Every structure is written in structure tokens, then in C-alpha cells.
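Visitor: Contents of model-v9.cif (mmCIF, C-alpha atoms):
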data_target
loop_
_atom_site.label_atom_id
_atom_site.label_comp_id
_atom_site.auth_asym_id
_atom_site.auth_seq_id
_atom_site.Cartn_x
_atom_site.Cartn_y
_atom_site.Cartn_z
CA MET K 24 186.72 148.44 248.52
CA ILE K 25 188.72 145.76 246.74
CA VAL K 26 191.48 147.02 244.45
CA ASP K 27 192.89 144.51 241.98
CA GLU K 28 195.63 144.56 239.38
CA ASN K 29 194.97 147.10 236.60
CA SER K 30 192.12 148.80 238.49
CA ASN K 31 191.25 152.31 237.35
CA PRO K 32 192.52 155.05 239.72
CA PHE K 33 189.61 157.36 238.86
CA GLU K 34 186.90 155.21 240.45
CA LEU K 35 189.26 154.46 243.35
CA GLY K 36 189.59 158.21 243.89
CA CYS K 37 185.83 158.79 243.65
CA VAL K 38 185.04 156.06 246.18
CA THR K 39 187.75 157.27 248.56
CA GLU K 40 186.50 160.85 248.28
CA VAL K 41 182.88 159.93 249.05
CA PHE K 42 183.34 157.23 251.69
CA GLY K 43 186.88 157.60 253.03
CA LEU K 44 187.27 161.26 253.99
CA ARG K 45 186.64 162.65 257.43
CA ARG K 46 183.63 164.99 257.65
CA PRO K 47 184.36 167.43 260.49
CA GLU K 48 181.74 169.83 259.12
CA LEU K 49 179.08 167.20 259.89
CA GLY K 50 180.35 166.51 263.39
CA ARG K 51 180.49 162.75 262.80
CA GLU K 52 182.04 160.12 260.60
CA LEU K 53 179.77 158.56 257.99
CA TYR K 54 181.71 155.40 257.14
CA ASP K 55 184.53 153.18 258.34
CA PHE K 56 186.30 152.80 254.99
CA THR K 57 188.98 150.22 254.18
CA LEU K 58 190.93 149.48 251.01
CA CYS K 59 191.97 145.89 250.49
CA ALA K 60 193.70 143.88 247.77
CA PRO K 61 194.51 140.24 247.00
CA GLU K 62 198.26 140.98 246.86
CA PRO K 63 200.56 143.18 248.99
CA ASP K 64 201.55 145.21 245.90
CA THR K 65 198.91 146.11 243.31
CA LEU K 66 199.91 147.63 239.97
CA MET K 67 197.23 150.10 238.93
CA ARG K 68 195.94 150.74 235.41
CA ASP K 69 198.64 151.04 232.74
CA GLY K 70 201.29 150.95 235.44
CA PHE K 71 200.52 154.48 236.63
CA PHE K 72 201.55 153.56 240.17
CA THR K 73 201.70 150.68 242.61
CA LEU K 74 199.32 150.54 245.57
CA THR K 75 200.87 149.15 248.76
CA GLY K 76 200.13 149.02 252.46
CA VAL K 77 196.42 148.14 252.27
CA ALA K 78 194.54 145.33 253.99
CA GLY K 79 194.20 141.81 252.63
CA LEU K 80 190.99 140.25 251.35
CA ASP K 81 190.10 138.98 254.81
CA ALA K 82 188.87 142.55 255.47
CA THR K 83 185.92 141.84 253.17
CA ASP K 84 184.49 139.29 255.60
CA SER K 85 183.32 141.98 258.02
CA ALA K 86 182.19 144.65 255.53
CA ASP K 87 178.56 145.79 255.45
CA THR K 88 179.14 147.16 251.92
CA LEU K 89 181.66 145.70 249.49
CA ILE K 90 182.75 147.71 246.43
CA VAL K 91 184.30 145.42 243.85
CA PRO K 92 187.22 146.15 241.52
CA ASN K 93 186.81 147.65 238.08
CA ARG K 94 189.38 147.54 235.32
CA PRO K 95 189.54 148.08 231.56
CA ASP K 96 190.68 144.54 230.61
CA THR K 97 187.18 143.14 230.90
CA ASP K 98 188.09 140.02 228.92
CA VAL K 99 190.60 138.88 231.55
CA PRO K 100 189.08 136.61 234.24
CA ARG K 101 189.06 138.00 237.76
CA ARG K 102 191.18 136.37 240.43
CA PRO K 103 189.40 133.42 242.08
CA ALA K 104 190.18 134.90 245.51
CA VAL K 105 188.35 138.12 244.58
CA LEU K 106 185.33 136.24 243.23
CA ASP K 107 185.23 134.07 246.35
CA ALA K 108 185.26 137.20 248.54
CA VAL K 109 182.32 138.62 246.56
CA ARG K 110 180.35 135.38 246.89
CA ARG K 111 180.97 135.17 250.63
CA ALA K 112 179.90 138.76 251.14
CA HIS K 113 176.73 138.22 249.12
CA ALA K 114 175.89 135.00 250.98
CA ARG K 115 176.01 136.74 254.37
CA GLY K 116 173.86 139.67 253.17
CA ALA K 117 176.42 142.41 252.54
CA ARG K 118 175.56 145.16 250.07
CA LEU K 119 177.54 144.85 246.82
CA VAL K 120 178.55 147.78 244.61
CA GLY K 121 180.11 147.64 241.15
CA MET K 122 181.53 150.84 239.67
CA CYS K 123 181.86 150.91 235.86
CA SER K 124 183.35 147.57 234.74
CA GLY K 125 182.94 146.30 238.29
CA ALA K 126 179.68 144.85 236.95
CA PHE K 127 181.86 142.26 235.18
CA THR K 128 183.31 141.24 238.56
CA LEU K 129 179.84 140.84 240.07
CA ALA K 130 178.55 138.94 237.06
CA GLU K 131 181.57 136.63 236.96
CA ALA K 132 180.98 135.88 240.65
CA GLY K 133 177.47 134.75 239.68
CA VAL K 134 175.56 137.20 241.89
CA LEU K 135 173.94 139.20 239.06
CA ASP K 136 172.01 136.40 237.36
CA GLY K 137 168.44 137.58 236.83
CA ARG K 138 169.26 140.98 238.34
CA ARG K 139 169.24 144.51 236.92
CA ALA K 140 172.62 146.16 236.37
CA THR K 141 174.46 148.73 234.30
CA ALA K 142 178.01 149.30 233.11
CA HIS K 143 179.85 151.73 230.87
CA TRP K 144 178.07 151.95 227.52
CA GLN K 145 181.18 150.99 225.54
CA TRP K 146 181.16 147.52 227.14
CA ALA K 147 177.45 146.82 226.76
CA GLU K 148 177.75 144.38 223.86
CA ALA K 149 180.66 142.50 225.42
CA PHE K 150 178.83 142.29 228.74
CA ARG K 151 175.66 140.91 227.16
CA ALA K 152 177.67 138.35 225.19
CA CYS K 153 179.40 137.11 228.36
CA PHE K 154 176.47 137.34 230.78
CA PRO K 155 173.15 136.97 228.91
CA SER K 156 171.27 136.14 232.13
CA VAL K 157 171.85 139.65 233.54
CA ASP K 158 169.26 142.35 232.82
CA LEU K 159 171.68 145.01 231.58
CA ARG K 160 170.47 148.62 231.43
CA PRO K 161 173.24 150.34 229.38
CA ASP K 162 171.58 153.77 229.03
CA VAL K 163 171.37 154.82 232.70
CA LEU K 164 173.79 156.35 235.19
CA PHE K 165 173.31 153.73 237.87
CA VAL K 166 171.00 150.92 238.94
CA ASP K 167 169.88 150.37 242.53
CA ASP K 168 168.65 146.79 242.74
CA GLY K 169 168.42 146.72 246.52
CA ASP K 170 171.43 144.84 247.84
CA ILE K 171 173.38 145.12 244.57
CA LEU K 172 174.11 148.48 242.94
CA THR K 173 176.05 149.22 239.76
CA SER K 174 177.10 152.42 238.03
CA ALA K 175 178.10 153.47 234.54
CA GLY K 176 181.55 154.75 233.72
CA SER K 177 183.74 157.43 235.26
CA ALA K 178 181.79 160.31 236.86
CA ALA K 179 178.74 158.09 237.41
CA ALA K 180 180.74 156.62 240.30
CA LEU K 181 180.15 159.92 242.11
CA ASP K 182 176.43 159.77 241.30
CA LEU K 183 176.13 156.29 242.76
CA GLY K 184 178.32 157.19 245.73
CA LEU K 185 176.11 160.15 246.63
CA HIS K 186 173.02 157.98 246.10
CA LEU K 187 174.39 155.56 248.69
CA VAL K 188 175.09 158.41 251.12
CA ARG K 189 171.53 159.63 250.59
CA ARG K 190 170.19 156.12 251.18
CA ASP K 191 172.26 155.65 254.32
CA HIS K 192 172.19 159.13 255.89
CA GLY K 193 169.45 161.18 254.18
CA ALA K 194 169.27 164.04 251.69
CA GLU K 195 170.69 166.71 253.99
CA VAL K 196 173.94 164.83 254.60
CA ALA K 197 174.20 163.86 250.91
CA ASN K 198 173.82 167.54 249.98
CA ALA K 199 176.62 168.46 252.40
CA VAL K 200 178.91 165.84 250.88
CA SER K 201 178.06 166.98 247.34
CA ARG K 202 178.84 170.59 248.25
CA ARG K 203 182.25 169.52 249.46
CA LEU K 204 182.72 167.65 246.20
CA VAL K 205 181.45 170.66 244.20
CA PHE K 206 179.24 168.16 242.41
CA ALA K 207 175.55 167.96 241.55
CA ALA K 208 173.69 166.89 244.67
CA HIS K 209 171.30 164.56 242.84
CA ARG K 210 171.25 163.08 239.37
CA ASP K 211 168.63 160.38 239.13
CA GLY K 212 169.95 156.96 238.20
CA GLY K 213 167.60 156.80 235.23
CA GLN K 214 169.28 159.68 233.46
CA ARG K 215 171.18 158.82 230.31
CA GLN K 216 174.88 157.94 230.43
CA PHE K 217 175.76 159.88 227.31
CA VAL K 218 174.73 163.53 227.40
CA GLU K 219 175.53 165.38 224.20
CA ARG K 220 177.48 168.59 224.72
CA PRO K 221 178.17 170.08 221.27
CA VAL K 222 180.45 173.06 220.94
CA PRO K 223 177.99 175.98 220.87
CA ASP K 224 177.82 178.15 217.78
CA THR K 225 174.98 180.20 219.31
CA PRO K 226 174.74 182.43 222.39
CA ASP K 227 174.98 180.71 225.79
CA GLU K 228 172.05 178.34 226.30
CA SER K 229 173.00 177.20 229.80
CA LEU K 230 170.09 176.07 231.96
CA ALA K 231 171.83 177.23 235.15
CA PRO K 232 169.88 180.52 235.53
CA VAL K 233 166.45 178.94 235.10
CA LEU K 234 167.39 176.02 237.38
CA ALA K 235 168.49 178.39 240.14
CA TRP K 236 165.30 180.43 239.67
CA ALA K 237 163.12 177.33 239.95
CA GLN K 238 164.96 175.97 243.00
CA GLU K 239 164.02 179.13 244.89
CA ARG K 240 160.32 178.63 244.02
CA LEU K 241 159.71 174.91 244.43
CA GLY K 242 156.74 175.54 246.71
CA ALA K 243 154.99 177.54 244.00
CA PRO K 244 152.79 175.84 241.38
CA LEU K 245 155.55 175.80 238.76
CA THR K 246 154.95 174.09 235.44
CA VAL K 247 157.13 173.27 232.47
CA ALA K 248 155.48 176.21 230.70
CA ASP K 249 156.64 178.48 233.54
CA LEU K 250 160.21 177.24 233.17
CA ALA K 251 160.07 177.76 229.42
CA ALA K 252 158.72 181.28 229.85
CA ARG K 253 161.49 182.10 232.33
CA ALA K 254 164.08 180.81 229.85
CA ALA K 255 162.34 182.76 227.06
CA VAL K 256 162.03 179.66 224.89
CA SER K 257 159.24 177.37 223.77
CA PRO K 258 158.44 174.24 225.84
CA ALA K 259 159.79 172.11 222.98
CA THR K 260 163.10 173.98 223.02
CA LEU K 261 163.28 173.68 226.80
CA HIS K 262 162.75 169.92 226.55
CA ARG K 263 165.56 169.70 223.99
CA ARG K 264 167.95 171.67 226.19
CA PHE K 265 167.14 169.55 229.24
CA ARG K 266 167.77 166.38 227.25
CA VAL K 267 171.05 167.69 225.89
CA GLN K 268 172.41 169.30 229.07
CA LEU K 269 170.94 167.13 231.85
CA GLY K 270 169.81 163.94 230.17
CA THR K 271 166.31 164.22 231.61
CA THR K 272 163.03 166.09 231.12
CA PRO K 273 162.00 169.37 232.77
CA LEU K 274 159.14 167.67 234.65
CA ALA K 275 161.35 164.84 235.92
CA TRP K 276 163.98 167.35 237.09
CA LEU K 277 161.36 169.51 238.82
CA THR K 278 159.81 166.49 240.57
CA GLY K 279 163.22 165.28 241.72
CA GLU K 280 164.08 168.68 243.19
CA ARG K 281 160.75 168.77 245.04
CA ILE K 282 161.26 165.31 246.51
CA ALA K 283 164.77 166.29 247.65
CA LEU K 284 163.36 169.42 249.32
CA ALA K 285 160.66 167.37 251.04
CA CYS K 286 163.34 165.03 252.39
CA ARG K 287 165.34 167.95 253.77
CA LEU K 288 162.26 169.42 255.46
CA ILE K 289 161.51 166.10 257.17
CA GLU K 290 165.15 165.75 258.24
CA ARG K 291 165.05 169.24 259.75
CA GLY K 292 162.12 168.27 261.96
CA GLU K 293 158.93 169.28 260.11
CA ARG K 294 156.35 166.68 261.15
CA ARG K 295 153.24 168.01 259.41
CA LEU K 296 153.02 166.19 256.10
CA ASP K 297 150.63 168.73 254.61
CA VAL K 298 153.18 171.48 255.33
CA VAL K 299 156.01 169.43 253.81
CA ALA K 300 153.93 168.65 250.73
CA ARG K 301 152.85 172.25 250.26
CA SER K 302 156.29 173.76 250.92
CA SER K 303 158.01 171.38 248.50
CA GLY K 304 155.45 171.81 245.74
CA LEU K 305 154.23 168.21 245.91
CA GLY K 306 150.71 169.42 246.72
CA THR K 307 149.09 166.83 248.97
CA ALA K 308 150.23 164.50 251.72
CA ALA K 309 149.05 161.57 249.59
CA ASN K 310 151.27 162.63 246.69
CA LEU K 311 154.16 163.15 249.09
CA ARG K 312 153.77 159.63 250.47
CA SER K 313 153.62 158.13 246.99
CA ARG K 314 156.60 160.06 245.63
CA LEU K 315 158.75 159.54 248.72
CA ARG K 316 158.11 155.81 248.80
CA ARG K 317 158.91 155.53 245.09
CA GLU K 318 162.16 157.48 245.50
CA THR K 319 163.44 156.14 248.84
CA GLY K 320 161.44 153.01 249.52
CA LEU K 321 160.29 154.57 252.81
CA SER K 322 157.07 156.13 254.05
CA PRO K 323 157.37 159.67 255.48
CA SER K 324 157.15 158.34 259.04
CA ALA K 325 159.82 155.71 258.36
CA TYR K 326 162.00 158.33 256.69
CA ARG K 327 161.60 160.60 259.73
CA ARG K 328 162.55 157.80 262.12
CA ARG K 329 165.65 157.02 260.08
CA PHE K 330 166.89 160.50 259.16
CA GLY K 331 164.97 163.00 261.29
CA PRO K 332 166.32 164.80 264.35
CA GLU K 333 166.61 162.93 267.61
CA PRO K 334 163.51 163.47 269.81
CA ALA K 335 164.01 165.77 272.74
CA PRO K 336 164.65 163.90 276.00
CA VAL K 337 161.70 163.67 278.38
CA PRO K 338 162.47 165.51 281.65
CA GLY K 339 163.05 163.04 284.48
#
Is it possible to express this structure as C-alpha cells?

Guide:
Amino acid sequence: MIVDENSNPFELGCVTEVFGLRRPELGRELYDFTLCAPEPDTLMRDGFFTLTGVAGLDATDSADTLIVPNRPDTDVPRRPAVLDAVRRAHARGARLVGMCSGAFTLAEAGVLDGRRATAHWQWAEAFRACFPSVDLRPDVLFVDDGDILTSAGSAAALDLGLHLVRRDHGAEVANAVSRRLVFAAHRDGGQRQFVERPVPDTPDESLAPVLAWAQERLGAPLTVADLAARAAVSPATLHRRFRVQLGTTPLAWLTGERIALACRLIERGERRLDVVARSSGLGTAANLRSRLRRETGLSPSAYRRRFGPEPAPVPG
């Protein structure tokens, strides 16, 4: 991760928490994480503190994934050395990640032209004015465009970080990391950035009880009507609460939970696709294949090869 002058400590903390911490509970390290900067001393946002003792930009030349700097002064050009490092990384096929206003860094480096991206909603107009050739999606939490990924502001950095862990190491490991973070294991990138949370003047309308109830019954033929009945509200009211509290629909949430469960079952060694589909509530092996490929880009067999348990050794 590159840190530049006036970078925001929050995203730095999120990235360090997801990619930089040791994971003894998993029995292995997930990433070799390095901070680097264009100068030996880097003054962070609003002069909160000075970052010292990190690597120079030459560290970017061997990175498989490069996370670019974000900062609130989006109208100030990025350092040429930082932009050159981004271009070199992109040219050799490294994965690029922009958190929040990091999308400005990627766009200024010229690697986002014609690509999908997102950034914090408050900078959407400024971004479009500066970079009209980028397909900006300002209403989502993050955008995965293959080798370039971008996230919206603040806490969406955790969403994108966990998405990357899931992409690299599977749902089971991502769930373990999210538990350590005490953070939602999976919020789909297409969810809205701005989720309204008005001060309640009515009794508690939290969705937590009905979500927990549904998560224990994903293999059952649950419907939105079933969720509404459990919450003792109409389907229309349930839709409104999901939109307000989660930024998604009940059906989209239920499908996402079922796909995540199917991934965990495959990772734990279940090889029978009909069993995985039935146990996760996805119904048929055909639907499982379709949903899994749409979510992960992998077929069930490819997902198993990448994230499933190691095959038992053949006796010699």
C-alpha cells in the first residue's frame, strides 16, 4: 500500500487490519503486506501524525496487489513518482485497488479510462468533471472490475478488503477474518453507499432477529413472504426496512447468504453438487453453477480446486 502526503488514516487502518495482521487462528499467513511512501517522512491527513520508517516506492515493483493512496484534497495532483509506480504495476499485470478517493489516483494515472469504478458519493461530480472517460458508479459500495477494484468512502474499505480476501482465499477464511473484525462477513458491492438510519420514534425495528432466524434455515424453501411473516410485517414493510437498514432487498440478501453457505460447504469438502445446492437452499446443481459463477467467476469444480481441502495423499 502506498501512503502519500495527506492520506486518510482510516483507510490506512482498515487495509492494515485486513491484510497486515498475523492470523494465528488460521494457522497461516494470508498476505505479505508492505507500506511504502514516496518520502521518508509522510505527514498524514490534517497533520494528525507523521508516518516514518516505511519502504520506498521501489517496493511497488514486486507487489502482486497495489493499493493506491487516498486523500481528501482531490483537486491536488498526485506526485509523478506515485503515478509512475501505478502505471508500472498496471503494465506488468498487478492488481490495483483504490480505496475512497484512491480512484482519483488511478484515474490520474490513466488506468481507469473506459473502466468501471466508484468513489465516495460526495466526490462524484468532481470525479466525473475531471475524468469523463471513466464509467463511475457512485451509488455502490465497491466495484470489482477484474484487475482494478475501487471502493466508496470510509467503512466500504472493509467491505472491499473482505471481498478481496474472499476472492483470494475463499468464503470460510473471509468469514474468519470478518469475525475477528466484528464486521459483516459479506455486503455485496452493489449495495448502496448511503443507507438511511433515522433516529427511531417507534419501537425497535431491527432486522437482526429475522436475519439470524433465516441464516439457521437457509436450506429450507424460505421466501420473502416467510421472512415478512417471521418479522410480523407486510412484505412491503419488510422491503422498506431492508432498503433502509441494509441497502438491499430481502431476496438479494437471502440469495447472497445462500451462495456464501454453498461456498463454505464446498470449502469444507462436500463434493456432491446436488447436496450443496439443496443444503444451501439454491435448489438444483444447475442453479448453483449459475449463481456461483456469477458471484465468484468460478465453476464449482474450479472453486473446489482453488479453495477446497487438500486431497488425501495416496498411500505409497

Visitor: Go through K:Thr88, K:Ala82, K:Thr173, K:Thr272 one by one, measure the shortest atom-to-atom distance of each to K:Ala126 using all atoms listed in the file, and give the residue with the smallest value.

Guide: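 Among the listed residues, K:Thr173 lies closest to K:Ala126.
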
Visitor: Taking only C-alpha atoms into account, which of K:Ala251, K:Pro63, K:Ala140, K:Leu284 comes nearest K:Arg264?

Guide: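 Of K:Ala251, K:Pro63, K:Ala140, K:Leu284, the one nearest K:Arg264 is K:Ala251, counting only C-alpha atoms.
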
Visitor: Please tell me which residues are no farther than 10 Å from (176.5, 149.5, 230.5) in the file, counting only C-alpha atoms, and write them as a PDB file with C-alpha atoms, in the coordinates of the input.

Guide:
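Result saved to out08.pdb:
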ATOM      1  CA  CYS K 123     181.860 150.910 235.860  1.00  0.00           C
ATOM      2  CA  SER K 124     183.350 147.570 234.740  1.00  0.00           C
ATOM      3  CA  ALA K 126     179.680 144.850 236.950  1.00  0.00           C
ATOM      4  CA  ALA K 140     172.620 146.160 236.370  1.00  0.00           C
ATOM      5  CA  THR K 141     174.460 148.730 234.300  1.00  0.00           C
ATOM      6  CA  ALA K 142     178.010 149.300 233.110  1.00  0.00           C
ATOM      7  CA  HIS K 143     179.850 151.730 230.870  1.00  0.00           C
ATOM      8  CA  TRP K 144     178.070 151.950 227.520  1.00  0.00           C
ATOM      9  CA  GLN K 145     181.180 150.990 225.540  1.00  0.00           C
ATOM     10  CA  TRP K 146     181.160 147.520 227.140  1.00  0.00           C
ATOM     11  CA  ALA K 147     177.450 146.820 226.760  1.00  0.00           C
ATOM     12  CA  GLU K 148     177.750 144.380 223.860  1.00  0.00           C
ATOM     13  CA  ALA K 149     180.660 142.500 225.420  1.00  0.00           C
ATOM     14  CA  PHE K 150     178.830 142.290 228.740  1.00  0.00           C
ATOM     15  CA  ARG K 151     175.660 140.910 227.160  1.00  0.00           C
ATOM     16  CA  LEU K 159     171.680 145.010 231.580  1.00  0.00           C
ATOM     17  CA  ARG K 160     170.470 148.620 231.430  1.00  0.00           C
ATOM     18  CA  PRO K 161     173.240 150.340 229.380  1.00  0.00           C
ATOM     19  CA  ASP K 162     171.580 153.770 229.030  1.00  0.00           C
ATOM     20  CA  VAL K 163     171.370 154.820 232.700  1.00  0.00           C
ATOM     21  CA  LEU K 164     173.790 156.350 235.190  1.00  0.00           C
ATOM     22  CA  PHE K 165     173.310 153.730 237.870  1.00  0.00           C
ATOM     23  CA  THR K 173     176.050 149.220 239.760  1.00  0.00           C
ATOM     24  CA  SER K 174     177.100 152.420 238.030  1.00  0.00           C
ATOM     25  CA  ALA K 175     178.100 153.470 234.540  1.00  0.00           C
ATOM     26  CA  GLY K 176     181.550 154.750 233.720  1.00  0.00           C
ATOM     27  CA  GLN K 216     174.880 157.940 230.430  1.00  0.00           C
TER      28      GLN K 216
END

Visitor: Take the point (179.2, 138.8, 238.4) in the file's coordinates, draw a sphere of radius 12 Å around it, and report as a VMD selection string every protein, DNA or RNA residue with an atom inside or on it, counting only C-alpha atoms.

Guide: chain K and resid 91 to 93 97 100 to 101 105 to 110 113 119 to 121 124 to 142 150 to 151 153 to 159 171 to 173

Visitor: Could you write out as a PyMOL selection string the residues that the PyMOL selection byres ((chain K and resi 29-32) around 9) matches in the shown file?

Guide: chain K and resi 26-28+33-37+65-71+92-96

Visitor: Which distance in Å separates atom CA of K:Leu44 and atom CA of K:Arg203, to one decimal?

Guide: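 So the answer is 10.7 Å.
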
Visitor: Step by step: locate stretch 119-130 of chain K in the block above, keep all heavy atoms, then write the file as a JSON list (two decimals), in the first residue's frame.

Guide:
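Everything below was put into selection18.json:
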[["chain", "number", "residue", "atom", "x", "y", "z"],
["K", 119, "LEU", "N", -4.76, -3.66, -9.03],
["K", 119, "LEU", "CA", -4.78, -2.31, -8.47],
["K", 119, "LEU", "C", -6.04, -2.10, -7.66],
["K", 119, "LEU", "O", -7.13, -2.52, -8.07],
["K", 119, "LEU", "CB", -4.71, -1.27, -9.58],
["K", 119, "LEU", "CG", -3.50, -1.34, -10.52],
["K", 119, "LEU", "CD1", -3.58, -0.25, -11.58],
["K", 119, "LEU", "CD2", -2.19, -1.21, -9.74],
["K", 120, "VAL", "N", -5.90, -1.45, -6.51],
["K", 120, "VAL", "CA", -7.03, -1.21, -5.62],
["K", 120, "VAL", "C", -7.02, 0.26, -5.19],
["K", 120, "VAL", "O", -6.00, 0.77, -4.72],
["K", 120, "VAL", "CB", -6.96, -2.10, -4.36],
["K", 120, "VAL", "CG1", -8.15, -1.81, -3.44],
["K", 120, "VAL", "CG2", -6.92, -3.57, -4.75],
["K", 121, "GLY", "N", -8.17, 0.93, -5.36],
["K", 121, "GLY", "CA", -8.32, 2.30, -4.91],
["K", 121, "GLY", "C", -9.39, 2.38, -3.85],
["K", 121, "GLY", "O", -10.54, 2.04, -4.10],
["K", 122, "MET", "N", -9.02, 2.80, -2.64],
["K", 122, "MET", "CA", -9.99, 2.98, -1.56],
["K", 122, "MET", "C", -10.44, 4.44, -1.53],
["K", 122, "MET", "O", -9.60, 5.35, -1.48],
["K", 122, "MET", "CB", -9.37, 2.61, -0.21],
["K", 122, "MET", "CG", -8.84, 1.19, -0.11],
["K", 122, "MET", "SD", -10.19, -0.03, -0.16],
["K", 122, "MET", "CE", -9.29, -1.53, 0.31],
["K", 123, "CYS", "N", -11.75, 4.67, -1.57],
["K", 123, "CYS", "CA", -12.32, 6.01, -1.45],
["K", 123, "CYS", "C", -11.78, 6.91, -2.56],
["K", 123, "CYS", "O", -11.92, 6.59, -3.74],
["K", 123, "CYS", "CB", -12.04, 6.57, -0.06],
["K", 123, "CYS", "SG", -12.97, 8.05, 0.37],
["K", 124, "SER", "N", -11.11, 8.00, -2.22],
["K", 124, "SER", "CA", -10.59, 8.91, -3.24],
["K", 124, "SER", "C", -9.37, 8.35, -3.95],
["K", 124, "SER", "O", -8.79, 9.01, -4.82],
["K", 124, "SER", "CB", -10.26, 10.27, -2.62],
["K", 124, "SER", "OG", -9.31, 10.13, -1.58],
["K", 125, "GLY", "N", -8.95, 7.14, -3.60],
["K", 125, "GLY", "CA", -7.90, 6.48, -4.36],
["K", 125, "GLY", "C", -8.27, 6.32, -5.82],
["K", 125, "GLY", "O", -7.39, 6.16, -6.68],
["K", 126, "ALA", "N", -9.58, 6.35, -6.13],
["K", 126, "ALA", "CA", -9.99, 6.29, -7.54],
["K", 126, "ALA", "C", -9.42, 7.47, -8.32],
["K", 126, "ALA", "O", -9.14, 7.33, -9.52],
["K", 126, "ALA", "CB", -11.52, 6.27, -7.63],
["K", 127, "PHE", "N", -9.24, 8.62, -7.68],
["K", 127, "PHE", "CA", -8.64, 9.77, -8.35],
["K", 127, "PHE", "C", -7.19, 9.45, -8.74],
["K", 127, "PHE", "O", -6.74, 9.84, -9.81],
["K", 127, "PHE", "CB", -8.67, 11.00, -7.43],
["K", 127, "PHE", "CG", -10.01, 11.68, -7.36],
["K", 127, "PHE", "CD1", -11.02, 11.18, -6.55],
["K", 127, "PHE", "CD2", -10.26, 12.83, -8.08],
["K", 127, "PHE", "CE1", -12.25, 11.81, -6.47],
["K", 127, "PHE", "CE2", -11.49, 13.48, -8.00],
["K", 127, "PHE", "CZ", -12.49, 12.96, -7.20],
["K", 128, "THR", "N", -6.47, 8.75, -7.85],
["K", 128, "THR", "CA", -5.09, 8.38, -8.15],
["K", 128, "THR", "C", -5.05, 7.46, -9.37],
["K", 128, "THR", "O", -4.23, 7.65, -10.28],
["K", 128, "THR", "CB", -4.45, 7.69, -6.95],
["K", 128, "THR", "OG1", -4.54, 8.54, -5.81],
["K", 128, "THR", "CG2", -3.00, 7.35, -7.21],
["K", 129, "LEU", "N", -5.90, 6.45, -9.39],
["K", 129, "LEU", "CA", -5.94, 5.53, -10.52],
["K", 129, "LEU", "C", -6.32, 6.24, -11.81],
["K", 129, "LEU", "O", -5.72, 5.99, -12.87],
["K", 129, "LEU", "CB", -6.92, 4.39, -10.22],
["K", 129, "LEU", "CG", -6.55, 3.46, -9.07],
["K", 129, "LEU", "CD1", -7.70, 2.51, -8.77],
["K", 129, "LEU", "CD2", -5.29, 2.66, -9.41],
["K", 130, "ALA", "N", -7.32, 7.11, -11.73],
["K", 130, "ALA", "CA", -7.77, 7.81, -12.92],
["K", 130, "ALA", "C", -6.69, 8.76, -13.43],
["K", 130, "ALA", "O", -6.47, 8.88, -14.64],
["K", 130, "ALA", "CB", -9.05, 8.57, -12.63]]
